Amino acid sequence: MARWLRPLVGALLLLLEGAAALSFLHHRYEELVQALFRVQSQCPYVSRIYSIGRSVEGRHLYVLEFSDHPGIHEPLEPEFKYVGNMHGNEVLGRELLLQLSEFLCEEYRRGNERIMRLIHDTRIHIMPSMNPDGYEVAAKQGPDSNGYLTGRNNANGVDLNRNFPDLNTLMYYSREISGPNHHIPLPDNWKSQVEPETLAVIQWISSYNFVLSANLHGGAVVANYPYDKSQDQRFRSHRRTVNTPTPDDKLFQKLAKTYSYAHSWMHRGWNCGDYFADGITNGASWYSLSKGMQDFNYLYTNCFEITLELSCNKFPPEEDLERQWMANREALVAFIEEVHQGIKGMVSDENNNGIAGAVISVQGISHDITTGDMGDYFRLLLPGTYTVTASAEGYQSLTVTTTVGPAAPSLVHFQLKQEAVRKPAERKASGTRMNNKALQKKVVPRATRRGTQR
């Protein structure tokens with residue numbers, strides 16, 4: 001079947017199988033909580049609710065999880081997340097994720113094979129609101145009189161999508177000295193620099209080995225992919241436009257197009273007075289954004305995240321919610337399915353014990369991922385043939401060649417042998433050589449060089 005037909009066929013199947021009984025209303029915090037717990041009570045065996053923390057004003061940041069084994073990571077089953085309402089006054093994503101939650105539950109109970117397979121093969125985490133305090137401020141204004149910035153920030157007046165540690169700057173400097181652009185360590189004082197909501201999300205994504213993600217915004221209609229921050233951003237500006245691709249640029253474009261072409265009109269390009277070819281854009285090519293959540297996911301974790309701008313009106317009226325749900329329903333499901341592509345497998349030792357933190361490198365793509373606590377890994381890739389290496393401290397690296405198809409991920413397992421134990425004298429001599437070599441390659445930071453010249 002031609003790839004462009006798949007979203008259409010999927011949408012038709014969902015329509016034929018009937019729509020869930022949805023209520024298209026704006027939900028205040030208490031109503032949101034009730035809706036989540038109602039869904040969980042209707043599908044208790046494939047869902048659970050948990051909180052990742054609290055907002056400034058003490059509201060829980062709730063997540064609804066769907067899985068055939070809720071609360072448990074199953075080896076080789078990828079973790080996926082949706083995050084909505086990061087900006088409190090951008091509310092459509094919040095309502096869409098509530099609708100999606102109810103839809104997944106209803107369709108699972110109906111025996112919808114596509115949804116059952118998705119829940120059995122994927123651990124799906126849905127956070128309808130990352131900024132419940134800001135939403136309450138915006139909701140008091142309502143859709144008719146809501147200001148463009150009213151409720152955007154959290155209760156401390158901070159924009160949460162400008163509040164993550166700035167790993168882009170570290171990455172760009174590191175790149176100049178051939179350093180890594182993945183799993184960049186956080187600054188020592190990072191916890192004192194972020195808001196409670198941001199802290200909760202960082203701890204959340206550090207605890208789960210997420211593979212794919214999207215965060216839902218409003219104010220435009222486009223699927224936006226990393227990098228959000230351009231390398232040449234020298235001053236605070238919201239309109240510097242320099243295309244800044246990641247090493248996975250083609251993959252990110254494919255992920256963004258999956259959503260835009262499954263959406264009823266995003267792919268057309270002309271929306272809200274702007275034009276984006278195919279309904280997608282590189283973030284920095286649109287405008288440069290510093291300390292955003294999208295880039296942070298890519299630079300700090302194994303997760304590939306895009307940002308979905310879903311409506312011209314940040315706070316659409318209730319009468320528009322059903323139309324927006326029908327426009328986004330297939331896209332929301334199709335994007336989750338994108339987590340099942342590329343390669344996945346186990347990295348284990350000679351006794352078949354999983355090796356946590358092993359590094360998976362793909363030749364020609366300078367962005368590595370690591371194994372989870374059980375030794376399983378997931379590397380999103382486009383169809384093609386790849387040379388892949390698994391390495392871990394204390395083990396001999398192993399390299400294989402594998403072919404990725406368009407349908408399902410290829411299983412590629414690695415069993416690593418321990419490195420031979422060397423005699424103390426050999427280790428000492430080797431250590432001396434390494435230290436001398438490291439000293440020869442030591443790079444003085446640019447600011448220090450300028451200081452010595454002065």
# chains A, B, ... in the order shown; residues from 1 in each chain; ligands from 1
>>> closest_atom_pairs(of="region 94-114 of chain A", to="region 29-53 of chain A", cutoff="8 Å", atoms="only C-alpha atoms", output="CSV")
residue,atom,partner,partner_atom,distance
A:Leu98,CA,A:Leu36,CA,7.3
A:Ser101,CA,A:Val39,CA,7.0
A:Glu102,CA,A:Val39,CA,5.8
A:Cys105,CA,A:Cys43,CA,5.9
A:Arg109,CA,A:Cys43,CA,7.7
>>> residues_around(residues="Asp368 (chain A)", least_positions_apart="5", cutoff="12 Å", atoms="only C-alpha atoms", output="PyMOL selection string")
chain A and resi 180-184+247-248+298-304+357-363+377-381+388-391
>>> write_last_selection(atoms="C-alpha atoms", output="short mmCIF file (atom, residue, chain, number, x, y, z; two decimals), in the first residue's frame")
data_model
loop_
_atom_site.label_atom_id
_atom_site.label_comp_id
_atom_site.auth_asym_id
_atom_site.auth_seq_id
_atom_site.Cartn_x
_atom_site.Cartn_y
_atom_site.Cartn_z
CA PRO A 180 29.44 14.69 21.90
CA ASN A 181 25.98 16.07 21.12
CA HIS A 182 24.09 13.52 23.17
CA HIS A 183 23.59 12.76 26.87
CA ILE A 184 25.19 16.07 27.76
CA PRO A 247 22.24 14.72 12.84
CA ASP A 248 18.81 13.05 12.59
CA TYR A 298 17.24 15.21 22.28
CA LEU A 299 20.45 16.42 23.94
CA TYR A 300 19.95 14.91 27.40
CA THR A 301 17.96 11.70 26.87
CA ASN A 302 17.26 9.03 24.25
CA CYS A 303 13.97 10.72 23.36
CA PHE A 304 13.18 12.27 19.98
CA GLY A 357 24.02 2.34 29.90
CA ALA A 358 25.64 0.64 26.90
CA VAL A 359 26.13 3.01 23.97
CA ILE A 360 24.54 2.37 20.57
CA SER A 361 26.29 4.22 17.73
CA VAL A 362 25.20 4.37 14.11
CA GLN A 363 27.89 5.03 11.54
CA TYR A 377 17.54 -0.11 23.48
CA PHE A 378 15.48 1.59 20.77
CA ARG A 379 17.09 3.51 17.92
CA LEU A 380 14.70 5.29 15.55
CA LEU A 381 16.00 5.11 11.96
CA VAL A 388 25.74 -0.23 14.25
CA THR A 389 28.14 -0.55 17.19
CA ALA A 390 27.38 -1.43 20.81
CA SER A 391 29.96 -0.52 23.43
#
>>> residues_around(residues="region 273-280 of chain A", least_positions_apart="2", cutoff="6 Å", atoms="only C-alpha atoms", output="PyMOL selection string")
chain A and resi 222-224+260+266-267+269-271
>>> atom_distance(atom1="CA of Gln324 (chain A)", atom2="CA of Pro132 (chain A)")
21.3 Å
>>> residues_around(residues="Leu96 (chain A)", least_positions_apart="2", cutoff="10 Å", atoms="only C-alpha atoms", output="ChimeraX atom specification")
/A:24,84,91-94,98-102,128,216,310,321-322,324-326,328-329,332
>>> closest_residue(among="A:Tyr225, A:Tyr173, A:Trp190, A:Phe80", to="Glu338 (chain A)", atoms="only C-alpha atoms")
A:Phe80
>>> select_by_dssp(residues="region 84-174 of chain A", states="alpha helix (DSSP H)", output="PDB file with N, CA and C atoms, in the first residue's frame")
ATOM      1  N   LEU A  92      -5.744  23.840  23.472  1.00  0.00           N
ATOM      2  CA  LEU A  92      -6.292  22.793  22.619  1.00  0.00           C
ATOM      3  C   LEU A  92      -5.604  21.458  22.876  1.00  0.00           C
ATOM      4  N   GLY A  93      -4.280  21.457  23.043  1.00  0.00           N
ATOM      5  CA  GLY A  93      -3.566  20.210  23.305  1.00  0.00           C
ATOM      6  C   GLY A  93      -4.062  19.524  24.556  1.00  0.00           C
ATOM      7  N   ARG A  94      -4.378  20.299  25.581  1.00  0.00           N
ATOM      8  CA  ARG A  94      -4.920  19.762  26.832  1.00  0.00           C
ATOM      9  C   ARG A  94      -6.215  18.991  26.565  1.00  0.00           C
ATOM     10  N   GLU A  95      -7.116  19.612  25.805  1.00  0.00           N
ATOM     11  CA  GLU A  95      -8.405  18.971  25.523  1.00  0.00           C
ATOM     12  C   GLU A  95      -8.254  17.785  24.569  1.00  0.00           C
ATOM     13  N   LEU A  96      -7.352  17.903  23.600  1.00  0.00           N
ATOM     14  CA  LEU A  96      -7.128  16.783  22.677  1.00  0.00           C
ATOM     15  C   LEU A  96      -6.581  15.560  23.402  1.00  0.00           C
ATOM     16  N   LEU A  97      -5.698  15.779  24.379  1.00  0.00           N
ATOM     17  CA  LEU A  97      -5.130  14.641  25.091  1.00  0.00           C
ATOM     18  C   LEU A  97      -6.152  13.985  26.017  1.00  0.00           C
ATOM     19  N   LEU A  98      -7.090  14.766  26.556  1.00  0.00           N
ATOM     20  CA  LEU A  98      -8.196  14.159  27.290  1.00  0.00           C
ATOM     21  C   LEU A  98      -9.069  13.334  26.352  1.00  0.00           C
ATOM     22  N   GLN A  99      -9.344  13.889  25.177  1.00  0.00           N
ATOM     23  CA  GLN A  99     -10.144  13.154  24.194  1.00  0.00           C
ATOM     24  C   GLN A  99      -9.414  11.887  23.739  1.00  0.00           C
ATOM     25  N   LEU A 100      -8.106  11.992  23.529  1.00  0.00           N
ATOM     26  CA  LEU A 100      -7.328  10.829  23.110  1.00  0.00           C
ATOM     27  C   LEU A 100      -7.366   9.751  24.182  1.00  0.00           C
ATOM     28  N   SER A 101      -7.252  10.142  25.433  1.00  0.00           N
ATOM     29  CA  SER A 101      -7.280   9.173  26.522  1.00  0.00           C
ATOM     30  C   SER A 101      -8.595   8.406  26.536  1.00  0.00           C
ATOM     31  N   GLU A 102      -9.689   9.136  26.420  1.00  0.00           N
ATOM     32  CA  GLU A 102     -10.998   8.481  26.403  1.00  0.00           C
ATOM     33  C   GLU A 102     -11.159   7.616  25.160  1.00  0.00           C
ATOM     34  N   PHE A 103     -10.641   8.103  24.043  1.00  0.00           N
ATOM     35  CA  PHE A 103     -10.736   7.361  22.786  1.00  0.00           C
ATOM     36  C   PHE A 103      -9.973   6.039  22.859  1.00  0.00           C
ATOM     37  N   LEU A 104      -8.744   6.067  23.383  1.00  0.00           N
ATOM     38  CA  LEU A 104      -7.962   4.835  23.487  1.00  0.00           C
ATOM     39  C   LEU A 104      -8.674   3.811  24.367  1.00  0.00           C
ATOM     40  N   CYS A 105      -9.231   4.278  25.467  1.00  0.00           N
ATOM     41  CA  CYS A 105      -9.951   3.378  26.364  1.00  0.00           C
ATOM     42  C   CYS A 105     -11.183   2.798  25.678  1.00  0.00           C
ATOM     43  N   GLU A 106     -11.991   3.657  25.068  1.00  0.00           N
ATOM     44  CA  GLU A 106     -13.219   3.197  24.421  1.00  0.00           C
ATOM     45  C   GLU A 106     -12.930   2.214  23.289  1.00  0.00           C
ATOM     46  N   GLU A 107     -11.959   2.546  22.476  1.00  0.00           N
ATOM     47  CA  GLU A 107     -11.666   1.678  21.331  1.00  0.00           C
ATOM     48  C   GLU A 107     -11.037   0.360  21.775  1.00  0.00           C
ATOM     49  N   TYR A 108     -10.277   0.387  22.838  1.00  0.00           N
ATOM     50  CA  TYR A 108      -9.736  -0.869  23.380  1.00  0.00           C
ATOM     51  C   TYR A 108     -10.870  -1.765  23.856  1.00  0.00           C
ATOM     52  N   ARG A 109     -11.839  -1.183  24.527  1.00  0.00           N
ATOM     53  CA  ARG A 109     -12.975  -1.957  25.012  1.00  0.00           C
ATOM     54  C   ARG A 109     -13.832  -2.469  23.853  1.00  0.00           C
ATOM     55  N   ARG A 110     -13.873  -1.723  22.754  1.00  0.00           N
ATOM     56  CA  ARG A 110     -14.627  -2.155  21.579  1.00  0.00           C
ATOM     57  C   ARG A 110     -13.944  -3.305  20.838  1.00  0.00           C
ATOM     58  N   GLU A 113      -8.706  -3.540  16.731  1.00  0.00           N
ATOM     59  CA  GLU A 113      -7.433  -4.261  16.646  1.00  0.00           C
ATOM     60  C   GLU A 113      -6.241  -3.318  16.592  1.00  0.00           C
ATOM     61  N   ARG A 114      -6.397  -2.215  15.903  1.00  0.00           N
ATOM     62  CA  ARG A 114      -5.286  -1.273  15.794  1.00  0.00           C
ATOM     63  C   ARG A 114      -4.941  -0.685  17.162  1.00  0.00           C
ATOM     64  N   ILE A 115      -5.947  -0.263  17.912  1.00  0.00           N
ATOM     65  CA  ILE A 115      -5.707   0.329  19.225  1.00  0.00           C
ATOM     66  C   ILE A 115      -5.239  -0.727  20.221  1.00  0.00           C
ATOM     67  N   MET A 116      -5.792  -1.918  20.162  1.00  0.00           N
ATOM     68  CA  MET A 116      -5.343  -2.990  21.056  1.00  0.00           C
ATOM     69  C   MET A 116      -3.875  -3.318  20.812  1.00  0.00           C
ATOM     70  N   ARG A 117      -3.487  -3.402  19.538  1.00  0.00           N
ATOM     71  CA  ARG A 117      -2.091  -3.693  19.220  1.00  0.00           C
ATOM     72  C   ARG A 117      -1.179  -2.570  19.717  1.00  0.00           C
ATOM     73  N   LEU A 118      -1.644  -1.322  19.561  1.00  0.00           N
ATOM     74  CA  LEU A 118      -0.844  -0.174  19.986  1.00  0.00           C
ATOM     75  C   LEU A 118      -0.613  -0.201  21.496  1.00  0.00           C
ATOM     76  N   ILE A 119      -1.648  -0.500  22.255  1.00  0.00           N
ATOM     77  CA  ILE A 119      -1.517  -0.524  23.718  1.00  0.00           C
ATOM     78  C   ILE A 119      -0.728  -1.743  24.180  1.00  0.00           C
ATOM     79  N   HIS A 120      -0.859  -2.869  23.505  1.00  0.00           N
ATOM     80  CA  HIS A 120      -0.106  -4.062  23.879  1.00  0.00           C
ATOM     81  C   HIS A 120       1.384  -3.932  23.570  1.00  0.00           C
ATOM     82  N   ASP A 121       1.714  -3.168  22.520  1.00  0.00           N
ATOM     83  CA  ASP A 121       3.106  -3.090  22.065  1.00  0.00           C
ATOM     84  C   ASP A 121       3.825  -1.817  22.491  1.00  0.00           C
ATOM     85  N   PRO A 132      -0.830  23.562  34.955  1.00  0.00           N
ATOM     86  CA  PRO A 132      -2.218  23.744  35.400  1.00  0.00           C
ATOM     87  C   PRO A 132      -2.479  25.099  36.055  1.00  0.00           C
ATOM     88  N   ASP A 133      -1.463  25.709  36.667  1.00  0.00           N
ATOM     89  CA  ASP A 133      -1.657  27.028  37.280  1.00  0.00           C
ATOM     90  C   ASP A 133      -1.914  28.093  36.217  1.00  0.00           C
ATOM     91  N   GLY A 134      -1.104  28.072  35.173  1.00  0.00           N
ATOM     92  CA  GLY A 134      -1.304  29.033  34.096  1.00  0.00           C
ATOM     93  C   GLY A 134      -2.646  28.855  33.409  1.00  0.00           C
ATOM     94  N   TYR A 135      -3.071  27.589  33.271  1.00  0.00           N
ATOM     95  CA  TYR A 135      -4.366  27.339  32.644  1.00  0.00           C
ATOM     96  C   TYR A 135      -5.490  27.988  33.430  1.00  0.00           C
ATOM     97  N   GLU A 136      -5.455  27.891  34.752  1.00  0.00           N
ATOM     98  CA  GLU A 136      -6.526  28.468  35.566  1.00  0.00           C
ATOM     99  C   GLU A 136      -6.615  29.976  35.371  1.00  0.00           C
ATOM    100  N   VAL A 137      -5.481  30.633  35.204  1.00  0.00           N
ATOM    101  CA  VAL A 137      -5.472  32.077  34.938  1.00  0.00           C
ATOM    102  C   VAL A 137      -6.122  32.360  33.586  1.00  0.00           C
ATOM    103  N   ALA A 138      -5.739  31.586  32.582  1.00  0.00           N
ATOM    104  CA  ALA A 138      -6.304  31.786  31.247  1.00  0.00           C
ATOM    105  C   ALA A 138      -7.790  31.458  31.221  1.00  0.00           C
ATOM    106  N   ALA A 139      -8.189  30.411  31.925  1.00  0.00           N
ATOM    107  CA  ALA A 139      -9.587  29.982  31.898  1.00  0.00           C
ATOM    108  C   ALA A 139     -10.511  31.009  32.541  1.00  0.00           C
ATOM    109  N   LYS A 140     -10.006  31.761  33.515  1.00  0.00           N
ATOM    110  CA  LYS A 140     -10.835  32.806  34.127  1.00  0.00           C
ATOM    111  C   LYS A 140     -11.195  33.881  33.107  1.00  0.00           C
ATOM    112  N   GLN A 141     -10.300  34.121  32.151  1.00  0.00           N
ATOM    113  CA  GLN A 141     -10.578  35.079  31.078  1.00  0.00           C
ATOM    114  C   GLN A 141     -11.564  34.471  30.077  1.00  0.00           C
ATOM    115  N   GLY A 142     -11.407  33.156  29.841  1.00  0.00           N
ATOM    116  CA  GLY A 142     -12.280  32.483  28.883  1.00  0.00           C
ATOM    117  C   GLY A 142     -11.827  32.689  27.453  1.00  0.00           C
ATOM    118  N   PRO A 143     -12.404  31.949  26.518  1.00  0.00           N
ATOM    119  CA  PRO A 143     -11.970  32.029  25.126  1.00  0.00           C
ATOM    120  C   PRO A 143     -12.289  33.345  24.441  1.00  0.00           C
ATOM    121  N   ASP A 144     -13.286  34.075  24.909  1.00  0.00           N
ATOM    122  CA  ASP A 144     -13.702  35.291  24.209  1.00  0.00           C
ATOM    123  C   ASP A 144     -12.785  36.475  24.483  1.00  0.00           C
ATOM    124  N   SER A 145     -12.300  36.577  25.721  1.00  0.00           N
ATOM    125  CA  SER A 145     -11.496  37.752  26.090  1.00  0.00           C
ATOM    126  C   SER A 145     -10.080  37.399  26.500  1.00  0.00           C
ATOM    127  N   LEU A 167      21.412  23.246  27.068  1.00  0.00           N
ATOM    128  CA  LEU A 167      22.397  22.279  26.601  1.00  0.00           C
ATOM    129  C   LEU A 167      22.846  22.567  25.180  1.00  0.00           C
ATOM    130  N   ASN A 168      22.086  23.377  24.451  1.00  0.00           N
ATOM    131  CA  ASN A 168      22.490  23.709  23.078  1.00  0.00           C
ATOM    132  C   ASN A 168      23.827  24.428  23.046  1.00  0.00           C
ATOM    133  N   THR A 169      23.994  25.410  23.939  1.00  0.00           N
ATOM    134  CA  THR A 169      25.253  26.159  23.966  1.00  0.00           C
ATOM    135  C   THR A 169      26.416  25.231  24.270  1.00  0.00           C
ATOM    136  N   LEU A 170      26.224  24.311  25.224  1.00  0.00           N
ATOM    137  CA  LEU A 170      27.278  23.344  25.538  1.00  0.00           C
ATOM    138  C   LEU A 170      27.558  22.449  24.347  1.00  0.00           C
ATOM    139  N   MET A 171      26.490  22.048  23.658  1.00  0.00           N
ATOM    140  CA  MET A 171      26.648  21.163  22.505  1.00  0.00           C
ATOM    141  C   MET A 171      27.393  21.865  21.367  1.00  0.00           C
ATOM    142  N   TYR A 172      27.052  23.119  21.097  1.00  0.00           N
ATOM    143  CA  TYR A 172      27.713  23.832  20.001  1.00  0.00           C
ATOM    144  C   TYR A 172      29.196  24.045  20.295  1.00  0.00           C
ATOM    145  N   TYR A 173      29.520  24.359  21.554  1.00  0.00           N
ATOM    146  CA  TYR A 173      30.936  24.488  21.904  1.00  0.00           C
ATOM    147  C   TYR A 173      31.624  23.133  21.815  1.00  0.00           C
ATOM    148  N   SER A 174      30.950  22.095  22.329  1.00  0.00           N
ATOM    149  CA  SER A 174      31.527  20.753  22.286  1.00  0.00           C
ATOM    150  C   SER A 174      31.786  20.317  20.860  1.00  0.00           C
TER     151      SER A 174
END
>>> select_by_dssp(residues="region 182-322 of chain A", states="strand (DSSP E)", output="list in words")
Phe210, Val211, Leu212, Ser213, Ala214, Asn215, Leu216, His217, Ala220, Val221, Val222, Ala223, Asn224, Tyr225, Trp270, Asn271, Asp274, Tyr275, Ile280, Thr281, Asn282, Phe304, Glu305, Ile306, Thr307, Leu308, Glu309, Leu310 and Ser311 of chain A
